[in-house]
Amino acid sequence: MQQHNPGLPPAAAAVGTVRVGKAPRDPRIDVFRGIALVMIFINHVPGNPYEYLTIRNLGFADAAEAFFLMSGIAAGLAYTPRFIEKDRMSHGLWRAIAPLWKRAWSLYVVQIALSAVALGIFAAAFQITTQAEFLTKINMRQVFQNPTQALIGIPLLTHQFGYVNILPAYSVLLVCAPAAIMLGLRRPRLLLALSLTLWLVTGIYRLNLPNYPNPGGWFFNPFAWQAIFICGLLVGLSQRQGYRFFPQSRALFWLSVTVLLGILAWKYVPGLGQFLNLQMHHLREAGVPFNLTSHDKTYLSAPRFIHILALGYFLSQLPTVTRMAAHRMASPFRLIGQHGLLIFASGTVLALFCQTLMLAKPEAVWMVWVLPVLGTGALLGIARIAEASRRVLSAPPTAAERQPALTGTGFEKPLTVQSKL
C-alpha cells in the first residue's frame with residue numbers, strides 16, 4: 001500500500017485514480033437490512049414475546065444500530081461512483097450531490113407524514129376509547145396541551161414522537177454525506193479519525209441538536225450516531241473500489257468473537273453485569289467521558305458501539321453467511337431490505353396501530369402474540385406489491401404502447417413508460 005495515499009489499493013494509489021466497477025449486488029446487505037427492519041417493527045410493539053428474538057438480547061446494541069450500519073454501507077455502494085474524480089470532471093459535482101440531498105428530502109417528507117399519521121392514530125384512539133393516556137403517549141403531550149409551539153417544532157424536526165424519530169438523524173447524515181464521501185475517497189483513515197473524534201467530543205460536551213418546545217436534544221443524536229454510519233460508509237466505499245477498509249484478519253475475527261462472548265457474559269452471567277456497571281460508574285466519577293462509561297443510546301455509548309461493530313465484522317467474515325443470504329429461503333428478508341424506506345414507514349404505522357389496540361384492550365392477551373405476526377406478514381405483502389409495481393414500471397413499453405394514438409387531433413405523442421425510484 002502506497003504511503004503517500006493511504007487506504008487506496010496499490011494500483012489505484014500508484015496512478016492516482018480509483019477503480020469503480022459495477023459490482024454484483026451483495027445479498028447480505030438486503031438480508032440484514034430486512035432483518036433489522038422486521039426487528040424494529042417488533043421492538044416498536046412493546047410487550048410482545050417476539051422481542052426476545054431480536055438483536056438486543058445478544059448484547060447492548062439493537063436493530064437501530066444495525067439499521068444505521070447497513071444504511072451507511074448501502075450509501076457507500078450506491079453513491080460513490082458519481083464522486084469519483086473522472087466522473088465529477090465529466091458531469092460536475094452537483095450530479096453526485098443531488099441524489100443524496102434528494103433522498104434526504106424524501107426522508108424529511110416521510111418523517112412529516114409519519115408524524116401526522118401518528119397524531120391521527122392516537123387522536124382517533126382517544127376519540128374511540130376516551131382514555132386520556134392516548135394524548136400523552138410517545139411524546140404527544142405537547143401537541144395536545146401546547147399545540148402552537150409543538151406544531152412549530154414538528155416541521156423543524158425539533159419535536160419528534162417516540163418510535164417516529166429515526167429518520168431525522170438519517171436525513172441529517174445524508175445531507176452531510178457528500179463531504180464524507182469525498183474525504184473518504186481521498187483519506188479514508190482521516191475520515192474515520194474525524195468521525196471517532198466527533199463521537200468522543202459529543203459525549204464529553206453533550207453536543208446535540210435542540211428540541212423545541214421540550215428541553216434536551218434529539219433521541220438519535222446525529223453527532224454521535226454518525227460514527228456508525230461512517231463506519232458503514234467506509235465499508236461501502238472500499239467495497240466499491242475493490243478493497244476492504246477493515247481488513248480480513250484472523251486476529252480481528254477472534255477479537256470480535258471474544259468481544260461478543262464477553263458482552264453476552266456481561267449481560268447474562270449473574271453478578272458480572274452489576275460488577276462491571278459499577279466499575280463504569282467509578283470511572284465516570286473519576287472523569288472518564290460519559291459515552292465511554294454508560295449504556296446511553298442517545299450518545300451511542302461505547303458498549304453499544306463496540307457491540308455492533310464486533311457483530312458486523314464477525315458476520316462479514318463467515319462465508320456461510322453469504323451463502324445463506326443468497327438462499328431462496330432468505331428471499332423474504334432480501335425483498336423487505338430492498339424496499340427499506342417504504343417498509344420502515346409502513347412498519348411504523350402498523351406498530352403504532354398495534355400499540356393503540358393493545359393499550360385500548362389490555363385484557364386481550366392474544367394480541368401480543370398475533371398482532372406482531374400479522375404485521376410482519378403485512379410488511380412482506382407490502383414489499384411484494386412494491387416489487388411487482390417496480391417491475392411493471394421498469395418494463396419496456398409494448399409495441400402497442402409505442403404506437404401513436406389513432407384518435408383525437410392527430411398530434412398525440414407516443415406513450416412511453418418510465419420509472420424513477
# chains A, B, ... in the order shown; residues from 1 in each chain; ligands from 1

call {"tool": "residues_around", "arguments": {"residues": "Val143 in chain A", "least_positions_apart": "2", "cutoff": "10 Å", "atoms": "only C-alpha atoms", "output": "VMD selection string"}}
result
chain A and resid 119 135 to 136 139 to 141 145 to 154 159 213

call {"tool": "residues_around", "arguments": {"residues": "range 179-196 of chain A", "least_positions_apart": "4", "cutoff": "8 Å", "atoms": "only C-alpha atoms", "output": "VMD selection string"}}
result
chain A and resid 5 to 7 76 80 83 to 84 200 226 to 227 230 to 231 233 to 234 237

call {"tool": "residues_around", "arguments": {"residues": "Asp296 in chain A", "least_positions_apart": "2", "cutoff": "12 Å", "atoms": "only C-alpha atoms", "output": "PyMOL selection string"}}
result
chain A and resi 60-61+203+206+219-221+224-225+290-294+298-305

call {"tool": "closest_residue", "arguments": {"among": "A:Met70, A:Leu157, A:Leu371, A:Leu359", "to": "Lys137 in chain A", "atoms": "only C-alpha atoms"}}
result
A:Leu359

call {"tool": "closest_residue", "arguments": {"among": "A:Ala64, A:Leu311, A:Ala177, A:Ile29", "to": "Leu261 in chain A", "atoms": "only C-alpha atoms"}}
result
A:Leu311

call {"tool": "atom_distance", "arguments": {"atom1": "CA of Asp62 in chain A", "atom2": "CA of Gly375 in chain A"}}
result
19.6 Å

call {"tool": "select_by_dssp", "arguments": {"residues": "range 57-119 of chain A", "states": "alpha helix (DSSP H)", "output": "PyMOL selection string"}}
result
chain A and resi 63-79+85-91+94-119

call {"tool": "write_last_selection", "arguments": {"atoms": "N, CA and C atoms", "output": "compact mmCIF listing (two decimals), in the first residue's frame"}}
result
# COMPACT_ATOMS: atom_id res chain seq x y z
N ALA A 63 -31.65 -3.17 16.90
CA ALA A 63 -31.84 -3.09 15.46
C ALA A 63 -31.56 -1.71 14.90
N ALA A 64 -31.67 -0.67 15.73
CA ALA A 64 -31.40 0.68 15.24
C ALA A 64 -29.93 0.82 14.83
N GLU A 65 -29.02 0.31 15.66
CA GLU A 65 -27.60 0.35 15.29
C GLU A 65 -27.36 -0.43 14.01
N ALA A 66 -27.98 -1.59 13.88
CA ALA A 66 -27.82 -2.37 12.65
C ALA A 66 -28.35 -1.61 11.44
N PHE A 67 -29.47 -0.91 11.62
CA PHE A 67 -30.07 -0.14 10.53
C PHE A 67 -29.12 0.96 10.07
N PHE A 68 -28.51 1.69 11.00
CA PHE A 68 -27.59 2.76 10.62
C PHE A 68 -26.34 2.20 9.95
N LEU A 69 -25.83 1.07 10.43
CA LEU A 69 -24.66 0.46 9.82
C LEU A 69 -24.97 0.02 8.39
N MET A 70 -26.09 -0.66 8.20
CA MET A 70 -26.47 -1.10 6.86
C MET A 70 -26.74 0.09 5.94
N SER A 71 -27.32 1.15 6.48
CA SER A 71 -27.60 2.34 5.66
C SER A 71 -26.31 2.99 5.20
N GLY A 72 -25.30 3.02 6.07
CA GLY A 72 -24.02 3.58 5.67
C GLY A 72 -23.36 2.75 4.58
N ILE A 73 -23.40 1.43 4.71
CA ILE A 73 -22.83 0.57 3.68
C ILE A 73 -23.56 0.77 2.35
N ALA A 74 -24.89 0.79 2.40
CA ALA A 74 -25.67 0.96 1.18
C ALA A 74 -25.38 2.31 0.53
N ALA A 75 -25.23 3.36 1.34
CA ALA A 75 -24.93 4.68 0.79
C ALA A 75 -23.57 4.69 0.12
N GLY A 76 -22.58 4.05 0.74
CA GLY A 76 -21.26 3.98 0.13
C GLY A 76 -21.26 3.25 -1.20
N LEU A 77 -22.03 2.17 -1.27
CA LEU A 77 -22.11 1.40 -2.52
C LEU A 77 -22.88 2.15 -3.60
N ALA A 78 -23.95 2.81 -3.22
CA ALA A 78 -24.85 3.40 -4.21
C ALA A 78 -24.36 4.74 -4.75
N TYR A 79 -23.76 5.56 -3.90
CA TYR A 79 -23.49 6.95 -4.30
C TYR A 79 -22.04 7.23 -4.62
N GLU A 85 -13.29 11.16 -9.24
CA GLU A 85 -12.79 12.38 -9.89
C GLU A 85 -13.11 12.42 -11.38
N LYS A 86 -12.92 11.31 -12.07
CA LYS A 86 -13.16 11.29 -13.51
C LYS A 86 -14.62 11.61 -13.82
N ASP A 87 -15.54 11.03 -13.05
CA ASP A 87 -16.96 11.28 -13.28
C ASP A 87 -17.32 12.71 -12.92
N ARG A 88 -16.74 13.23 -11.82
CA ARG A 88 -17.02 14.62 -11.43
C ARG A 88 -16.55 15.59 -12.50
N MET A 89 -15.39 15.33 -13.08
CA MET A 89 -14.87 16.22 -14.11
C MET A 89 -15.74 16.19 -15.36
N SER A 90 -16.35 15.04 -15.63
CA SER A 90 -17.18 14.91 -16.84
C SER A 90 -18.58 15.48 -16.65
N HIS A 91 -19.16 15.26 -15.47
CA HIS A 91 -20.56 15.60 -15.27
C HIS A 91 -20.82 16.65 -14.20
N TRP A 94 -22.49 18.57 -8.83
CA TRP A 94 -23.91 18.58 -8.44
C TRP A 94 -24.59 17.27 -8.80
N ARG A 95 -24.17 16.67 -9.90
CA ARG A 95 -24.76 15.38 -10.30
C ARG A 95 -24.52 14.31 -9.24
N ALA A 96 -23.42 14.44 -8.49
CA ALA A 96 -23.13 13.49 -7.43
C ALA A 96 -23.89 13.83 -6.15
N ILE A 97 -23.98 15.12 -5.85
CA ILE A 97 -24.61 15.55 -4.60
C ILE A 97 -26.13 15.41 -4.65
N ALA A 98 -26.72 15.73 -5.80
CA ALA A 98 -28.18 15.82 -5.91
C ALA A 98 -28.92 14.57 -5.45
N PRO A 99 -28.50 13.35 -5.83
CA PRO A 99 -29.25 12.17 -5.38
C PRO A 99 -29.27 12.02 -3.86
N LEU A 100 -28.18 12.36 -3.20
CA LEU A 100 -28.14 12.26 -1.74
C LEU A 100 -29.07 13.26 -1.09
N TRP A 101 -29.05 14.48 -1.57
CA TRP A 101 -29.92 15.51 -0.97
C TRP A 101 -31.38 15.27 -1.33
N LYS A 102 -31.60 14.72 -2.51
CA LYS A 102 -32.98 14.36 -2.86
C LYS A 102 -33.50 13.26 -1.94
N ARG A 103 -32.63 12.30 -1.63
CA ARG A 103 -33.02 11.24 -0.71
C ARG A 103 -33.27 11.80 0.69
N ALA A 104 -32.42 12.73 1.12
CA ALA A 104 -32.61 13.36 2.43
C ALA A 104 -33.95 14.09 2.47
N TRP A 105 -34.31 14.76 1.39
CA TRP A 105 -35.61 15.45 1.33
C TRP A 105 -36.76 14.44 1.39
N SER A 106 -36.60 13.32 0.70
CA SER A 106 -37.64 12.28 0.76
C SER A 106 -37.83 11.78 2.19
N LEU A 107 -36.72 11.60 2.91
CA LEU A 107 -36.81 11.17 4.30
C LEU A 107 -37.53 12.20 5.15
N TYR A 108 -37.24 13.48 4.89
CA TYR A 108 -37.92 14.55 5.64
C TYR A 108 -39.43 14.51 5.39
N VAL A 109 -39.81 14.36 4.13
CA VAL A 109 -41.24 14.32 3.79
C VAL A 109 -41.92 13.12 4.46
N VAL A 110 -41.25 11.98 4.42
CA VAL A 110 -41.81 10.79 5.07
C VAL A 110 -41.92 11.00 6.58
N GLN A 111 -40.93 11.66 7.17
CA GLN A 111 -40.97 11.93 8.60
C GLN A 111 -42.18 12.78 8.97
N ILE A 112 -42.44 13.82 8.20
CA ILE A 112 -43.59 14.68 8.48
C ILE A 112 -44.89 13.91 8.29
N ALA A 113 -44.94 13.09 7.24
CA ALA A 113 -46.14 12.29 7.00
C ALA A 113 -46.37 11.30 8.14
N LEU A 114 -45.30 10.64 8.59
CA LEU A 114 -45.44 9.69 9.69
C LEU A 114 -45.88 10.38 10.98
N SER A 115 -45.36 11.58 11.21
CA SER A 115 -45.77 12.33 12.41
C SER A 115 -47.26 12.64 12.36
N ALA A 116 -47.75 13.04 11.17
CA ALA A 116 -49.17 13.34 11.03
C ALA A 116 -50.02 12.09 11.23
N VAL A 117 -49.57 10.97 10.66
CA VAL A 117 -50.32 9.72 10.82
C VAL A 117 -50.32 9.28 12.28
N ALA A 118 -49.17 9.41 12.95
CA ALA A 118 -49.11 9.05 14.37
C ALA A 118 -50.09 9.87 15.19
N LEU A 119 -50.14 11.17 14.92
CA LEU A 119 -51.11 12.02 15.61
C LEU A 119 -52.53 11.55 15.36

call {"tool": "residues_around", "arguments": {"residues": "range 32-38 of chain A", "least_positions_apart": "5", "cutoff": "9 Å", "atoms": "only C-alpha atoms", "output": "list in words"}}
result
Pro27, Asn43, Thr54, Ile55, Asp62, Ala63, Ala64, Glu65, Ala66, Phe67, Met70, Ser71, Ala325, Pro332, Phe333, Arg334, Leu335, Ile336, Gly337, Gln338, His339, Gly340, Ile343, Phe344, Gly347, Thr376 and Leu379 of chain A

call {"tool": "residues_around", "arguments": {"residues": "Thr158 in chain A", "least_positions_apart": "3", "cutoff": "8 Å", "atoms": "only C-alpha atoms", "output": "list in words"}}
result
Gly153, Ile154, Pro155, Leu209, Pro210, Asn211, Tyr212, Pro213, Gly217 and Trp218 of chain A

call {"tool": "atom_distance", "arguments": {"atom1": "CA of Gly273 in chain A", "atom2": "CA of Lys297 in chain A"}}
result
17.6 Å

call {"tool": "closest_residue", "arguments": {"among": "A:Val269, A:Leu53, A:Ala383, A:Val201", "to": "Pro289 in chain A", "atoms": "only C-alpha atoms"}}
result
A:Val201

call {"tool": "residues_around", "arguments": {"residues": "range 124-128 of chain A", "least_positions_apart": "6", "cutoff": "9 Å", "atoms": "only C-alpha atoms", "output": "list in words"}}
result
Phe134, Leu135, Thr356, Leu357 and Ala360 of chain A

call {"tool": "write_last_selection", "arguments": {"atoms": "C-alpha atoms", "output": "tab-separated table (two decimals), in the first residue's frame"}}
result
chain	number	residue	atom	x	y	z
A	134	PHE	CA	-53.51	8.31	24.42
A	135	LEU	CA	-52.95	12.09	24.48
A	356	THR	CA	-53.18	1.59	20.38
A	357	LEU	CA	-55.07	-1.68	20.08
A	360	ALA	CA	-57.21	0.00	24.44

call {"tool": "atom_distance", "arguments": {"atom1": "CA of Phe161 in chain A", "atom2": "CA of Val370 in chain A"}}
result
25.2 Å
